[in-house]
Every structure is written in structure tokens, then in C-alpha cells.
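Enquirer: Would you mind keeping the following structure in view while I ask a few things?
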Amino acid sequence: MRMSGADIVLECLKLEGVDIFWGYPGGVVLPFYDRLPSHPEVKHVLVRHEQAAAHAADAYARVSGKVGVCLATSGPGATNLVTGITNAMMDSVPMVVITGNVTRTLLGRDGFQEADITGITLPITKHNYLVMHAADLAYTFKEAFYIANSGRKGPVLIDIPKDVFIEEAEFEYPDTVSIRGYKPTESKAVDVAQVKRAARVIDEAQKPVILAGHGVIQSEGGTAALRQFAEKAQIPVLTTLLGIGGISEDHVLSYGFMGMHGMYWANMAAVEADVVIGVGMRFDDRAMGRFADFNTKAKIVHIDIDPAEIGKNFVTHAPILGDVAQVLDLLTPEIAQATHGDWLRWIDSVREEHPSLKMPDTTELTPQFVIREIFEATKGEAIIVTGVGQHQMWAGQHYMFRHPRRWVSSGGLGTMGFEVPAAMGAQAARPDLEVWSIAGDGGFQMTLQELATIVDQKQPIKFAIMNNGFLGMVRQWQELFYRDNLVDVHISQPDFVKLADAYGIRALRIDDKTDVASAIAEARAHDGPFLLDFHVQEAGNVWPMVPAGASLLETVESADEVKV
Amino acid sequence: MAGREARSATLHTVIALVEDRPGVLNRVASLFRRRGFNIESLAVGHSETPGISRLTLVVDGANTVVEQVEKQLFKLIDVVKVADITHLPIVARELALVKVACTIANRADVIQIAQVFRADVVDVADMSVTIQVAGDEDKNDAFIELMEPYGIKELARTGRVALTRGIAEPTKVEEDEPEEVREFHAQAGRRPKKALPFVSD
Ligand SMILES: Cc1ncc(C[n+]2csc(CCOP(=O)(O)OP(=O)(O)O)c2C)c(N)n1
């Protein structure tokens, strides 16, 4: 059938199962918006800033497992997406990003609102396209969705000049893609020899440990496969920050997350292990500490879908290239049953001596206390979205996750401001679940304009702002590593309750521990969005901590232990 | 000279077969810049397969670094095949054009040296001769060094190109694309020619 480029794009979205996307109009995408009402099956959410469209699509993808979609106009619209695209790239989140561009005849001539967005996004997309013919749109979309959601997932950008939206072409959506230069790992059989070699290494281990990453959650059936694997040989499981939820945190073999603000015992287990099994993770510096002396005795088994991750940061003794579930389903039958009783008891004893999750001993209201209360109230079933900073680490530490895809946090890029728009995407993906945005008073101010979108969309998101009057995490670093020389980390805020009121959102300010439970109950009982402004302790620091550039062995649990 | 030898131990010849598409060189260059890989030289041209360009890269680095180069290159969607052929039997050549200052008095000397190097004189002018020399980089370096006393007015060198010898595994693209995919890939991203009289491709 012949139709305009704009109609083709919308047909492609429908055929890819997209029912919602986030965007913002502008001159060059007007031919597209003009056709939107004729395609009511795809819902467009008008955001207040394009960065939010990208974060919403990103969080939608993390929670639903589907590809998230967002759209922006050329020039400033497109460049406003850059942070959101990078965020998705760093965390391997499948996303299709559509941008408009100036008419073909103006491209390359610095036309009004022209930005070379394919050039700009080269290093922050898995792939990108500039579509020059309406006839190419169908293939481009088919490829883009395939590339975004296969192999190591990631964002793919499609840039469409204004007149390509208008140009007519025959529309036929291809059934398959054929890309010579792209054969995702999972389309190839797992190398059985690699599996057998890894099994021998694991069987010989006395003190094995699993480091489970985001890949476990992204792999279909990955969490079940991980559990069976760990249970068969009784191997303790540590997660990376993004691996949280890859194993139920009340499982006996779950030992919490490791890394810069990970559990003390988890970091000790990682450096004490004789075999380290990385599963769907990339041995990132925030998780591993200083590479050079992470754990020089351990043999490393590395299961990952991205060949370039194998051997990138560490010499790997037994790599297995493949999708997590596909690999573990082959590996589990190959390994011997084991109990590793002494080793597990050793980690348990470290945990008893160094209880990383202790509550600060104070009558002051603390973020840790608030997060615990949210956990208790929601029984660990809510989706928790965070910003970046101290509150993010405390949320990771004190909320116990039982399910995958309920912890939505910016890991690789560490993007403040993620907390507000990501909550929109997460809630759209799982309207049946309660969504809590645990926000920093700094980060919240970066994207709070989206409160208007949330009200438009009647999204019952609950905000818990950890209002400490500081850019807390940066204050912590200045205090510990820059002689307590606090420079521009004290941050003022508007009255968040009044602000919420201006948006038509109910809100409460909480100053005392005793009011926390009732405030949370009130927010939960309300069937719309709700904002809780928790005036928490100003000075708290996140422990444990591995100072930047230090080894995991140097994990410290209080300021007294920090050597400057 | 010792420095060069030590370095040449870490030089790798890497072949990348890439789809001939707008922006593909940009993607490769962007990757090298971002990851801090050192490219000594880069040569691009058509390969034996229509639609596929052949890049020959000379990369300086330890084996593990070059392995990352290969893997990262291969992650680019437009890169179809990557091979480090350093340790295979190969023929490797680069070409240099050297414009040497000379007078009638010493022109014969210059041409004589060129002959020893099996180099061709491609242009003769009043005050210069231009010589084309082809070979491995060491040979070309040696020739250029010998020309220096006469005065090099201008120098142009290509990057290295290389092929495996004889029956050693060839670096080529095996997979054919379905007709309609080939058509799509052939025009995707290219500016429509007639529609754009003032923007050259
Ligand atoms: C966009 C962005 N800018 C700067 C930073 C650096 N940074 C990391 S944490 C942090 C402080 C965050 O403050 P807040 O949102 O109030 O959270 P808190 O640490 O107090 O819980 C800053 C500035 C960042 N991660 N992201």
C-alpha cells in the first residue's frame, strides 16, 4: 500500500508492538504529528523536556523487557535526548529513538535547527540511521528494532528529514532482517567446549562466587537459570548494582550487591574467592574496585553475550560467549553438585561481624529508615526508581527485591534527574504495580518539570524525596577526600509541598521518624500521584565504601577508617 | 632505528571488511578515537565484493589491545569481518610519491638510486623529479632517507595494504544478501542524486 513516510513510521511502530511512546513536537516532525490521530493504537505521551522522553522510554524498556520508544524534533529537540540515549547505552537498554531533521535539500547546510544527530550519537548508540527515502523506512525500522533488542541490547537512533515524512512510498513490512555485519550471539550455538572447560574450573573451586549482572535480568529465563545454577553447587551470589533483582534477595544464597557501596561481606567474598563467575556483567570499575588488585589468585569464568567484554578488563580463564539463560541451561547439568559449607559459613561470619545494613543509631530521620519503611509497607513488591547519589545507594541497600525488573536505577552513566521521568516509564510498563520514586533533592530539581506530564497521564507515582539540603554524595566525597572543604554542595530547594500543590499533586512534609509510617500509608491509599518531602538528616554518609581507585579489600565502614 | 624495530614488534596488520555506506569511516574513526587505540595507518578501497570496502589498519599495541580493537570493530553493524593477519604469511605494500629537489647536475644520481630501489620516475621538471616507490614501509623509509640530502619538496605516502599469500585463508565476505536487502543497503542513507543539485555526495 502507498502511504506517507509518517504513516509508514506509525505502521512500523504498531507492527513492532509499540503501544506507547514519549515525545515532543517541533517544526520538522509536524508531518508526523499530523498523522498521529489516525493511529490511535499507538499512544503518544507529551513530555516537558526531551531528556525525559528518553528516560521514560528507557525505564519502560527496563521494566517491560520490550523496546522503549521516544521521539524528538531536530536540533535542540534531538540534542536534548543525548543524556537519555547515553544512559540507555551504558546500561544496555533496548530503545528506538526517532528524531526529525531538516528537509533533505537543507541537510549539511546548517539549516534552521539542523543538528548532525547521527554524528553526535555515533559513540552513544548501538547503531544509527539517517533515512533518505520514505521507501527505506520499513527496512530501517525492522533492522532498528532487531538490533536494539538482540545481542547486547542498546539504543538505536533513526533520523528522518522532514520531507521523508511527507514523501509517499509503497509500504510492506519485511518479515525478516538480513544484516551481514550483525549476527547476535544468541543466534549462534553456545560453544560446548567452552561450557565444559568452565564446568571443570567451577568443579575444582573451593570458594566460588557468582557475580550476577544486568544480563541475568535481560536474558529471558535468566533469573530462573541463575537460581538453579547457584543452588546445584551452592555458590553464593553477589550482584552488581544493576544485577539487583537477578536473584531474590531473600534467597539463602543471595549475598547482596558488591562494589563501591556494596555489602562489606560481598566485597570480601569477591576478593577471597578462588573462582569468580561473572554472569551477564562487565567487570566495571565501580563493582570491582581497582582492577590491578581485585583478586589476583582467583580464576575468572565469564559468561557474557558481548564478545568484546570478555577479556576487556580482566584476563579470563574460562569465557563462555552467549545469552545467560542459554549458557546456564547447558552449564548447570555439566557442573557437579557441591555444598561449599565452609565457604558459605565464612561469608556468614563476615556478615555477622560487619553488618553493612545496620540502621544509623540516631533519633534523627534518616533516608535508610524511610526506605526501610517503604520496603515494609510495600512488602518488597513495589517498583523502585531512583536518582543518583546517596539515596540511590541506600535504596539499593535497604529495599529487598524479590523480583527482577523492579529496581530501576541509572548505573553506568549515573544520571541525576533519572528519578522523575524514569518513574513515568516504569509505571506505564506495569500499571498494576506500585511505583515509588526515591529521589534526591538535587536530582529531583533536574527533571521536576515532568510532574506536569504525570498529572496529565494520571499516573499514581509516589515520590519520596530524601531532602538533605545537600548534593549528598558529592558532599560525602568532599568531606572524606577533600578535607571537608565543602564547595557548592549545599543546595537550596523550593518548598516541595507547595510545588506539588501547584501541579495539583498531594504532598506532605515529614520531619519525624514517628510520622513516616502514616505518611507512607496515606500516600499509598491515595489513588493518584503523591509527594512525600522527607526532611532527613543532613550529614549522613553511605557505608560501606570503597574509595575511588581503591581495591575492594579497602572497603571501609566509617569515616575513621578513611585514609586521605 | 632500534626504536623502530622495537615498535614494529607491536605493530599489527588488521583487515576490516565493511559495508560501503555513508558514515562507515566516521564510525571506525570515532571508535578508535574514543577507545584510545593507536592507528599507524589506514588504507581504504573497494574489495573484490561489490558493496564491500576493505580497510587495512596498522595498529600499534599489545596483543590484548589489538584483540579489543578487533572485537570493538566487529561490534559495529557495518563491519562484516575483521581479521588480524599479522601472523599469517602476507604480502604488504605501501606506496610513496616523493618529489625530490635536484638540478641537472645531480638528477642522474637521484635516478640511479631510484633504480636500485626499483622505483619509477613519474615526473621530471626543471628543479625536481617525482619518484614513485612501492614496497614495505622499511624499504620506503630507506629510500626516503637517501633522498633527504637532495631535499624533499613534497611527500605523499599511502597506508599499508596487505593480502594473505597463496592459499592462506583469504579475508573475504562469504554471505550474499537477498536482492531486496541489497537494494535497501545500496541506497540507504544516501542523498537522492537528482533532487539535490547543490549538495555533492
Ligand atoms: C547529571 C549529573 N550531574 C552531576 C552528577 C554528579 N553527582 C553524583 S551524585 C550527586 C549528588 C546528588 O544529590 P541528590 O540528588 O540531592 O542526592 P543525594 O546524594 O543527596 O542523595 C552529584 C552532583 C551526576 N551524577 N549527574
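By convention here, the chains of the C-alpha cells are called A, B, ... in the order presented, each chain's residues are numbered starting at 1, and ligands are numbered starting at 1 in the order presented.
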Enumerate residues in contact with ligand 1: an atom-to-atom distance of at most 9 Å, counting only C-alpha atoms and all ligand atoms. Format the result as a PDB file with C-alpha atoms, in the first residue's frame.
Expert:
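Result written to selection_19.pdb:
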ATOM      1  CA  THR A  83      21.869  12.267  28.046  1.00  0.00           C
ATOM      2  CA  PRO A 367      16.917   8.041  54.469  1.00  0.00           C
ATOM      3  CA  GLY A 387      18.071   9.137  41.115  1.00  0.00           C
ATOM      4  CA  VAL A 388      21.803   9.100  41.590  1.00  0.00           C
ATOM      5  CA  GLY A 389      23.648   9.705  44.801  1.00  0.00           C
ATOM      6  CA  GLN A 390      23.410   8.655  48.418  1.00  0.00           C
ATOM      7  CA  HIS A 391      19.686   7.911  48.312  1.00  0.00           C
ATOM      8  CA  GLN A 392      20.281   5.586  45.355  1.00  0.00           C
ATOM      9  CA  MET A 393      22.821   3.544  47.279  1.00  0.00           C
ATOM     10  CA  TRP A 394      20.641   3.417  50.380  1.00  0.00           C
ATOM     11  CA  LEU A 413      26.091   6.768  33.443  1.00  0.00           C
ATOM     12  CA  GLY A 414      24.830   7.705  36.911  1.00  0.00           C
ATOM     13  CA  THR A 415      22.354  10.263  35.634  1.00  0.00           C
ATOM     14  CA  MET A 416      20.862  12.574  38.246  1.00  0.00           C
ATOM     15  CA  GLY A 417      17.329  13.506  37.269  1.00  0.00           C
ATOM     16  CA  PHE A 418      16.540   9.972  36.150  1.00  0.00           C
ATOM     17  CA  ALA A 439      14.574  10.964  44.758  1.00  0.00           C
ATOM     18  CA  GLY A 440      17.412  13.212  45.795  1.00  0.00           C
ATOM     19  CA  ASP A 441      16.559  16.841  46.423  1.00  0.00           C
ATOM     20  CA  GLY A 442      19.242  17.671  43.852  1.00  0.00           C
ATOM     21  CA  GLY A 443      18.255  15.209  41.157  1.00  0.00           C
ATOM     22  CA  PHE A 444      14.552  15.879  41.571  1.00  0.00           C
ATOM     23  CA  GLN A 445      15.173  19.505  40.668  1.00  0.00           C
ATOM     24  CA  MET A 446      16.780  18.461  37.410  1.00  0.00           C
ATOM     25  CA  ILE A 465      12.300  12.953  48.235  1.00  0.00           C
ATOM     26  CA  MET A 466      15.283  12.452  50.504  1.00  0.00           C
ATOM     27  CA  ASN A 467      15.631  16.116  51.292  1.00  0.00           C
ATOM     28  CA  ASN A 468      19.003  16.530  52.963  1.00  0.00           C
ATOM     29  CA  GLY A 469      19.741  20.038  51.696  1.00  0.00           C
ATOM     30  CA  PHE A 470      22.880  18.770  50.041  1.00  0.00           C
ATOM     31  CA  LEU A 471      24.199  17.162  46.927  1.00  0.00           C
ATOM     32  CA  GLY A 472      24.779  14.429  49.412  1.00  0.00           C
ATOM     33  CA  MET A 473      27.082  12.101  47.567  1.00  0.00           C
ATOM     34  CA  VAL A 474      29.352  14.925  46.475  1.00  0.00           C
ATOM     35  CA  ARG A 475      29.341  16.329  50.000  1.00  0.00           C
ATOM     36  CA  GLN A 476      30.406  12.896  51.221  1.00  0.00           C
ATOM     37  CA  VAL A 489      27.234  21.211  47.579  1.00  0.00           C
ATOM     38  CA  ILE A 491      21.678  23.150  47.634  1.00  0.00           C
ATOM     39  CA  GLU A 538      21.844  16.338  56.535  1.00  0.00           C
TER      40      GLU A 538
END
Enquirer: For Ala96 in chain B, list every protein, DNA or RNA residue within 6 Å, evaluated using only C-alpha atoms, and leave out those in the same chain fewer than 6 positions away; present the list as number ranges by chain.
Expert: B: 132-133, 156-157
Enquirer: Show me, as JSON, numbers by chain, the residues that have an atom within 10 Å of range 56-71 of chain B when counting only C-alpha atoms, minus same-chain residues fewer than 4 positions from it.
Expert: {"A": [306, 307, 308, 309, 310, 311, 312, 315], "B": [7, 8, 9, 10, 11, 12, 13, 14, 15, 16, 17, 31, 32, 35, 36, 37, 38, 39, 40, 41, 42, 43, 44, 45, 75, 76, 81, 82, 83, 84, 86, 92, 159, 160, 161, 162, 163]}
Enquirer: Given only C-alpha atoms, how would the per-residue table for chain B near chain A read, listing every residue at most 6 Å away with its closest atom pair and distance in Å to one decimal, sorted by chain and number, as a tab-separated table?
Expert:
residue	atom	partner	partner_atom	distance
B:Lys71	CA	A:Ala308	CA	5.0
B:Ile77	CA	A:Gly181	CA	5.2
B:Asp78	CA	A:Gly181	CA	5.5
B:Val79	CA	A:Gly181	CA	5.2
B:Val80	CA	A:Gly181	CA	3.8
B:Gly189	CA	A:Leu130	CA	5.2
B:Arg191	CA	A:Met132	CA	6.0
B:Leu196	CA	A:Thr105	CA	5.9
Enquirer: Taking the DSSP secondary structure from the backbone, can you list the residues of range 163-255 of chain A that are alpha helix (DSSP H), as number ranges by chain?
Expert: A: 163-166, 192-204, 214-218, 222-232
